[in-house]
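K.L.:
Before anything else, here's the structure in question.
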Amino acid sequence: MYESKNPYRPNHLFKMHERCSSCGLKYKMEPSFFYGSMYVSYGVGIAFAVAAFVISNLIMGASLIKSFLAIVATLVVFMPVIIRLSRNIWINVFVRYDAGAAKGDLDSISS
């Protein structure tokens, strides 16, 4: 899906192949298709923030200020992962996985 598997390469964070190498699915179905992934990114970011708070405050017993700093650090460090995860979730909302398409079975694509 992505040109570079490493999400921590800033110049290649959003670069995607035009089509899937297995089934030929066009990833960018319309010019602004992945704008909707920003909404998913918000939810995924909240999940990461809650996890950082639970680990820092409830498990490690850090103060609220230190927990806040842990949340900010977590969101900054995991931002590329959150972006790519959100894009993957967004495309999976609209495109159903078809194992037959990956094998080249054209009958399963048309039905």
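Identifiers for the structure tokens are assigned positionally: chains receive A, B, ... in sequence, residues are indexed from 1 per chain, and ligands are indexed from 1 in the order shown.
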For Ser56 (chain A), work out the shell of residues within 12 Å, counting only C-alpha atoms and skipping chain neighbours fewer than 5 positions away, then give it as a PyMOL selection string.
P.N.:
chain A and resi 49-51+61-74
K.L.:
May I have the selected residues written with N, CA and C atoms, as an mmCIF file, in the first residue's frame?
P.N.:
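Contents of the output file selection-v9.cif:
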```cif
data_model
loop_
_atom_site.group_PDB
_atom_site.id
_atom_site.type_symbol
_atom_site.label_atom_id
_atom_site.label_comp_id
_atom_site.auth_asym_id
_atom_site.auth_seq_id
_atom_site.Cartn_x
_atom_site.Cartn_y
_atom_site.Cartn_z
ATOM 1 N N ALA A 49 -3.807 8.268 23.704
ATOM 2 C CA ALA A 49 -3.704 9.170 24.848
ATOM 3 C C ALA A 49 -4.234 8.511 26.117
ATOM 4 N N VAL A 50 -5.345 7.807 26.009
ATOM 5 C CA VAL A 50 -5.901 7.106 27.177
ATOM 6 C C VAL A 50 -4.936 6.024 27.650
ATOM 7 N N ALA A 51 -4.352 5.306 26.711
ATOM 8 C CA ALA A 51 -3.375 4.277 27.083
ATOM 9 C C ALA A 51 -2.166 4.895 27.788
ATOM 10 N N GLY A 61 1.940 5.647 38.722
ATOM 11 C CA GLY A 61 1.698 6.592 39.800
ATOM 12 C C GLY A 61 2.261 7.984 39.569
ATOM 13 N N ALA A 62 2.372 8.418 38.323
ATOM 14 C CA ALA A 62 2.902 9.749 38.014
ATOM 15 C C ALA A 62 1.857 10.817 38.342
ATOM 16 N N SER A 63 2.320 12.043 38.542
ATOM 17 C CA SER A 63 1.404 13.157 38.795
ATOM 18 C C SER A 63 0.659 13.509 37.508
ATOM 19 N N LEU A 64 -0.337 14.396 37.628
ATOM 20 C CA LEU A 64 -1.116 14.774 36.456
ATOM 21 C C LEU A 64 -0.274 15.511 35.424
ATOM 22 N N ILE A 65 0.645 16.344 35.889
ATOM 23 C CA ILE A 65 1.521 17.070 34.968
ATOM 24 C C ILE A 65 2.408 16.096 34.199
ATOM 25 N N LYS A 66 2.991 15.146 34.895
ATOM 26 C CA LYS A 66 3.836 14.153 34.226
ATOM 27 C C LYS A 66 3.010 13.256 33.311
ATOM 28 N N SER A 67 1.791 12.977 33.707
ATOM 29 C CA SER A 67 0.910 12.185 32.840
ATOM 30 C C SER A 67 0.564 12.952 31.573
ATOM 31 N N PHE A 68 0.318 14.254 31.710
ATOM 32 C CA PHE A 68 0.044 15.094 30.550
ATOM 33 C C PHE A 68 1.245 15.105 29.599
ATOM 34 N N LEU A 69 2.433 15.243 30.156
ATOM 35 C CA LEU A 69 3.647 15.219 29.338
ATOM 36 C C LEU A 69 3.835 13.857 28.666
ATOM 37 N N ALA A 70 3.471 12.788 29.354
ATOM 38 C CA ALA A 70 3.545 11.448 28.756
ATOM 39 C C ALA A 70 2.568 11.319 27.596
ATOM 40 N N ILE A 71 1.383 11.902 27.732
ATOM 41 C CA ILE A 71 0.395 11.872 26.652
ATOM 42 C C ILE A 71 0.912 12.640 25.437
ATOM 43 N N VAL A 72 1.441 13.836 25.671
ATOM 44 C CA VAL A 72 1.966 14.649 24.568
ATOM 45 C C VAL A 72 3.124 13.924 23.879
ATOM 46 N N ALA A 73 4.037 13.364 24.661
ATOM 47 C CA ALA A 73 5.176 12.644 24.085
ATOM 48 C C ALA A 73 4.717 11.427 23.294
ATOM 49 N N THR A 74 3.736 10.712 23.815
ATOM 50 C CA THR A 74 3.210 9.543 23.117
ATOM 51 C C THR A 74 2.594 9.931 21.781
#
```
K.L.:
Could you tell me, as a ChimeraX atom specification, which residues of chain A DSSP assigns to helix (DSSP H, G or I) when given the backbone?
P.N.:
/A:10-12,33-59,64-77,79-94,99-102,106-110
K.L.:
Please produce a file of the residues just selected, as a PDB file, in the first residue's frame, where the atoms kept are C-alpha atoms.
P.N.:
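The file below, out.pdb, is the result:
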```
ATOM      1  CA  PRO A  10       8.671  12.161   6.862  1.00  0.00           C
ATOM      2  CA  ASN A  11       9.074  12.625   3.095  1.00  0.00           C
ATOM      3  CA  HIS A  12       7.414   9.273   2.410  1.00  0.00           C
ATOM      4  CA  PHE A  33     -10.645  10.262  -0.334  1.00  0.00           C
ATOM      5  CA  PHE A  34      -8.330  10.080   2.682  1.00  0.00           C
ATOM      6  CA  TYR A  35      -9.563  13.349   4.236  1.00  0.00           C
ATOM      7  CA  GLY A  36     -12.078  11.229   6.133  1.00  0.00           C
ATOM      8  CA  SER A  37      -9.220   9.417   7.829  1.00  0.00           C
ATOM      9  CA  MET A  38      -8.687  12.576   9.899  1.00  0.00           C
ATOM     10  CA  TYR A  39     -11.831  11.681  11.847  1.00  0.00           C
ATOM     11  CA  VAL A  40     -10.509   8.171  12.416  1.00  0.00           C
ATOM     12  CA  SER A  41      -7.148   9.665  13.422  1.00  0.00           C
ATOM     13  CA  TYR A  42      -8.859  11.629  16.174  1.00  0.00           C
ATOM     14  CA  GLY A  43     -10.317   8.448  17.673  1.00  0.00           C
ATOM     15  CA  VAL A  44      -7.067   6.512  17.343  1.00  0.00           C
ATOM     16  CA  GLY A  45      -5.183   9.428  18.937  1.00  0.00           C
ATOM     17  CA  ILE A  46      -7.625   9.428  21.855  1.00  0.00           C
ATOM     18  CA  ALA A  47      -7.030   5.688  22.306  1.00  0.00           C
ATOM     19  CA  PHE A  48      -3.254   6.257  22.410  1.00  0.00           C
ATOM     20  CA  ALA A  49      -3.704   9.170  24.848  1.00  0.00           C
ATOM     21  CA  VAL A  50      -5.901   7.106  27.177  1.00  0.00           C
ATOM     22  CA  ALA A  51      -3.375   4.277  27.083  1.00  0.00           C
ATOM     23  CA  ALA A  52      -0.552   6.706  27.926  1.00  0.00           C
ATOM     24  CA  PHE A  53      -2.568   8.137  30.822  1.00  0.00           C
ATOM     25  CA  VAL A  54      -3.453   4.724  32.223  1.00  0.00           C
ATOM     26  CA  ILE A  55       0.154   3.561  32.045  1.00  0.00           C
ATOM     27  CA  SER A  56       1.696   6.753  33.434  1.00  0.00           C
ATOM     28  CA  ASN A  57      -0.840   7.760  36.076  1.00  0.00           C
ATOM     29  CA  LEU A  58      -2.662   4.648  37.194  1.00  0.00           C
ATOM     30  CA  ILE A  59       0.082   2.043  36.816  1.00  0.00           C
ATOM     31  CA  LEU A  64      -1.116  14.774  36.456  1.00  0.00           C
ATOM     32  CA  ILE A  65       1.521  17.070  34.968  1.00  0.00           C
ATOM     33  CA  LYS A  66       3.836  14.153  34.226  1.00  0.00           C
ATOM     34  CA  SER A  67       0.910  12.185  32.840  1.00  0.00           C
ATOM     35  CA  PHE A  68       0.044  15.094  30.550  1.00  0.00           C
ATOM     36  CA  LEU A  69       3.647  15.219  29.338  1.00  0.00           C
ATOM     37  CA  ALA A  70       3.545  11.448  28.756  1.00  0.00           C
ATOM     38  CA  ILE A  71       0.395  11.872  26.652  1.00  0.00           C
ATOM     39  CA  VAL A  72       1.966  14.649  24.568  1.00  0.00           C
ATOM     40  CA  ALA A  73       5.176  12.644  24.085  1.00  0.00           C
ATOM     41  CA  THR A  74       3.210   9.543  23.117  1.00  0.00           C
ATOM     42  CA  LEU A  75       1.149  11.417  20.526  1.00  0.00           C
ATOM     43  CA  VAL A  76       4.227  13.076  19.022  1.00  0.00           C
ATOM     44  CA  VAL A  77       6.239   9.854  18.868  1.00  0.00           C
ATOM     45  CA  MET A  79       1.995  10.382  15.073  1.00  0.00           C
ATOM     46  CA  PRO A  80       3.231   8.632  11.882  1.00  0.00           C
ATOM     47  CA  VAL A  81       1.865   5.289  13.093  1.00  0.00           C
ATOM     48  CA  ILE A  82      -1.485   6.881  13.982  1.00  0.00           C
ATOM     49  CA  ILE A  83      -1.720   8.517  10.550  1.00  0.00           C
ATOM     50  CA  ARG A  84      -1.059   5.291   8.662  1.00  0.00           C
ATOM     51  CA  LEU A  85      -3.287   3.225  10.931  1.00  0.00           C
ATOM     52  CA  SER A  86      -6.109   5.724  10.412  1.00  0.00           C
ATOM     53  CA  ARG A  87      -5.718   5.570   6.636  1.00  0.00           C
ATOM     54  CA  ASN A  88      -5.829   1.779   6.745  1.00  0.00           C
ATOM     55  CA  ILE A  89      -8.963   1.798   8.891  1.00  0.00           C
ATOM     56  CA  TRP A  90     -10.611   4.390   6.619  1.00  0.00           C
ATOM     57  CA  ILE A  91     -10.036   2.438   3.406  1.00  0.00           C
ATOM     58  CA  ASN A  92     -11.268  -0.757   5.076  1.00  0.00           C
ATOM     59  CA  VAL A  93     -14.558   0.955   5.902  1.00  0.00           C
ATOM     60  CA  PHE A  94     -15.275   1.338   2.169  1.00  0.00           C
ATOM     61  CA  ALA A  99      -9.376 -13.185  -1.038  1.00  0.00           C
ATOM     62  CA  GLY A 100     -10.363 -14.265  -4.545  1.00  0.00           C
ATOM     63  CA  ALA A 101      -9.267 -10.932  -6.000  1.00  0.00           C
ATOM     64  CA  ALA A 102      -5.780 -11.361  -4.584  1.00  0.00           C
ATOM     65  CA  LEU A 106     -11.983 -12.341 -11.626  1.00  0.00           C
ATOM     66  CA  ASP A 107     -15.323 -14.104 -11.065  1.00  0.00           C
ATOM     67  CA  SER A 108     -15.308 -13.128  -7.357  1.00  0.00           C
ATOM     68  CA  ILE A 109     -14.706  -9.463  -8.224  1.00  0.00           C
ATOM     69  CA  SER A 110     -17.737  -9.140 -10.473  1.00  0.00           C
TER      70      SER A 110
END
```
K.L.:
Please report the interatomic distance between CA of Lys28 (chain A) and CA of Arg9 (chain A) in Å with one decimal.
P.N.:
20.9 Å
K.L.:
Hey, can you check how far CA of Cys20 (chain A) sits from CA of Tyr8 (chain A)?
P.N.:
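Here the two named atoms are 22.0 Å from each other.
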K.L.:
Give me, as a ChimeraX atom specification, the residues of chain A that a backbone DSSP run labels strand (DSSP E or B).
P.N.:
/A:2,16,19,26
K.L.:
Could you turn the residues from that selection into a file that holds C-alpha atoms, as a PDB file, in the first residue's frame?
P.N.:
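Output file again_20.pdb follows:
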```
ATOM      1  CA  TYR A   2       2.713   2.497   0.995  1.00  0.00           C
ATOM      2  CA  MET A  16       1.182   5.379  -1.667  1.00  0.00           C
ATOM      3  CA  ARG A  19      -2.793   0.444  -7.280  1.00  0.00           C
ATOM      4  CA  LYS A  26      -7.022   1.842  -7.014  1.00  0.00           C
TER       5      LYS A  26
END
```
